[in-house]
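To keep things clear, I will list the structure first and then write my remarks on it.
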Amino acid sequence: KYTSKKILQYAVILLGFGLNLQVILQTGKQSLPIIFSTIATSLIIAYVLHRAMRIPGKISTLVGVGSSICGGSAIAATAPVIDADDEEVAQAISVIFFQRAGGDFVSDIGRFPRLCNNSGEAFGVFAGTAVNDTSSVTAAASTWDSLYGLGSQTLDKAVTVKLTRTLAIIPITLVLALIRTRREKGEGAGKISIRQVFPFFILFFIGASVITTIATAAGVPADVFAPLKELSKFLL
């Protein structure tokens, strides 16, 4: 229980040190319509499969959020909000890592240049929205750059889009907290308030992002925060 709750929350907080809000606002906003569309589509599909295949609600929620936002990190942020148990978290993460294995082959799409007209920016947006794990996004974008000699153009775009998606953790967890509060009140589960289910660790996640943004703007190299990002991956 400690692993599925606290350690995963710490991983999400540390993930915030990899987010430079200034960069995301400047370049990530161009991809917001696509990001919103893909997240909405993924969540709708998860709900439809939940109803059609009678998949447990919490598992379908975790898989839907994990698939649409940022894999294990999104599951780690969502699990305590919906009160998912260890088994439900494990099943959802297993599905996401299975998807991740397939995501590593996204780079093969580079064999079909007509899809993106050899454009690093177009493929960067595609990789950043279609692949849910940062390492897989990096692999796909780097391969495209290598194929067409684009330096780091595709990689830079893909990572920025991916990090912009990560910020969706904030509204998603808040909405789920409100839904749980209203549902449990309606079921007469006793006195429950938004404060009891509010994901307070998300505030630390935002704080970590703000610290990174301010420090980077002040001239601190982004590499300084690299160990914290790696620790976040290790905890996940």
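Order determines the names: the first chain of the structure tokens is A, the second B, and so forth; residues in each chain are numbered 1 upward, and ligands are numbered 1 upward as they are shown.
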
Could you pull out the alpha helix (DSSP H) residues of stretch 3-74 of chain A from DSSP and send them as a count of residues only? 52

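The shortest atom-to-atom distance to A:Glu121, with only C-alpha atoms taken into account, belongs to A:Val161 out of A:Ile172, A:Val89, A:Val161, A:Ile82.
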
Do you know which residues are at most 10 Å from A:Val224 counting only C-alpha atoms, after dropping those on the same chain fewer than 4 positions away, and could you put them as a VMD selection string? chain A and resid 17 212 215 to 216 220 228 to 229

Which is closer to A:Gly66 than all the others in A:Leu49, A:Ala218, A:Ala11, A:Ala168, using only C-alpha atoms?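 Of A:Leu49, A:Ala218, A:Ala11, A:Ala168, the one nearest A:Gly66 is A:Ala168, counting only C-alpha atoms.
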
For each of A:Val137, A:Leu178, A:Ile202, A:Ala122, take the minimum atom-to-atom distance to A:Ala74, counting only C-alpha atoms, then give the residue where this is smallest. A:Ile202

For stretch 32-44 of chain A: contacts at 7 Å, only C-alpha atoms, fewer than 6 positions along chain excluded, given as a ChimeraX atom specification: /A:64-65,67-69,129,165

Just the residues within 9 Å of A:Gly72, please, counting only C-alpha atoms, with nothing from its chain fewer than 3 positions along; format it as a ChimeraX atom specification. /A:8,66-67,75-77,92-93,96-97,132-133,236

Please write the residues from the selection above to a file, keeping N, CA and C atoms, as a tab-separated table (two decimals), in the first residue's frame.
chain	number	residue	atom	x	y	z
A	8	LEU	N	4.58	6.40	-5.31
A	8	LEU	CA	4.14	6.86	-6.62
A	8	LEU	C	3.82	8.36	-6.59
A	66	GLY	N	-3.80	6.86	-18.00
A	66	GLY	CA	-2.41	6.52	-18.31
A	66	GLY	C	-2.13	6.54	-19.80
A	67	SER	N	-3.09	6.05	-20.60
A	67	SER	CA	-2.91	6.01	-22.05
A	67	SER	C	-2.96	7.39	-22.67
A	75	ILE	N	-1.03	7.42	-13.85
A	75	ILE	CA	-1.65	6.40	-12.99
A	75	ILE	C	-1.29	6.65	-11.54
A	76	ALA	N	-0.02	7.00	-11.30
A	76	ALA	CA	0.44	7.28	-9.94
A	76	ALA	C	-0.31	8.46	-9.34
A	77	ALA	N	-0.61	9.46	-10.17
A	77	ALA	CA	-1.32	10.64	-9.68
A	77	ALA	C	-2.80	10.36	-9.45
A	92	ALA	N	-3.22	-1.81	-14.17
A	92	ALA	CA	-3.21	-0.65	-15.07
A	92	ALA	C	-1.80	-0.36	-15.57
A	93	ILE	N	-0.83	-0.40	-14.67
A	93	ILE	CA	0.56	-0.13	-15.07
A	93	ILE	C	1.06	-1.21	-16.03
A	96	ILE	N	-0.15	-0.34	-19.43
A	96	ILE	CA	0.57	0.81	-19.98
A	96	ILE	C	1.96	0.43	-20.45
A	97	PHE	N	2.65	-0.41	-19.69
A	97	PHE	CA	3.99	-0.81	-20.11
A	97	PHE	C	3.95	-1.75	-21.31
A	132	ASN	N	2.77	7.45	-25.06
A	132	ASN	CA	2.51	7.95	-23.70
A	132	ASN	C	3.72	7.96	-22.77
A	133	ASP	N	4.83	7.39	-23.20
A	133	ASP	CA	6.00	7.34	-22.33
A	133	ASP	C	7.11	8.22	-22.89
A	236	LEU	N	8.89	5.06	-10.44
A	236	LEU	CA	7.76	4.55	-11.21
A	236	LEU	C	8.00	3.11	-11.66

Would you kindly return, as a compact mmCIF listing (two decimals) with N, CA, C and O atoms, in the first residue's frame, each protein, DNA or RNA residue with an atom no farther than 9 Å from any atom of A:Asn20, considering only C-alpha atoms and excluding same-chain residues fewer than 6 positions away?
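For reference, result27.txt as written:
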# COMPACT_ATOMS: atom_id res chain seq x y z
N LEU A 163 5.60 17.00 -22.69
CA LEU A 163 5.56 17.65 -21.38
C LEU A 163 4.30 18.49 -21.22
O LEU A 163 3.76 18.62 -20.11
N SER A 209 7.47 22.35 -10.66
CA SER A 209 7.51 22.92 -12.01
C SER A 209 7.87 24.40 -11.97
O SER A 209 8.65 24.89 -12.79
N VAL A 210 7.29 25.09 -11.00
CA VAL A 210 7.57 26.53 -10.85
C VAL A 210 9.04 26.75 -10.49
O VAL A 210 9.70 27.66 -11.01
N ILE A 211 9.56 25.92 -9.58
CA ILE A 211 10.97 26.03 -9.19
C ILE A 211 11.88 25.84 -10.40
O ILE A 211 12.83 26.61 -10.61
N THR A 212 11.59 24.83 -11.20
CA THR A 212 12.40 24.57 -12.40
C THR A 212 12.32 25.75 -13.37
O THR A 212 13.34 26.17 -13.93
N THR A 213 11.13 26.29 -13.56
CA THR A 213 10.94 27.41 -14.48
C THR A 213 11.72 28.63 -14.04
O THR A 213 12.43 29.27 -14.83
N ILE A 214 11.63 28.97 -12.75
CA ILE A 214 12.32 30.14 -12.22
C ILE A 214 13.83 29.95 -12.25
O ILE A 214 14.58 30.85 -12.64
N THR A 216 15.61 27.96 -14.18
CA THR A 216 16.11 27.95 -15.56
C THR A 216 16.16 29.36 -16.12
O THR A 216 17.11 29.74 -16.81
N ALA A 222 19.54 23.28 -17.16
CA ALA A 222 18.46 22.30 -17.00
C ALA A 222 19.00 20.95 -16.53
O ALA A 222 18.28 20.17 -15.90
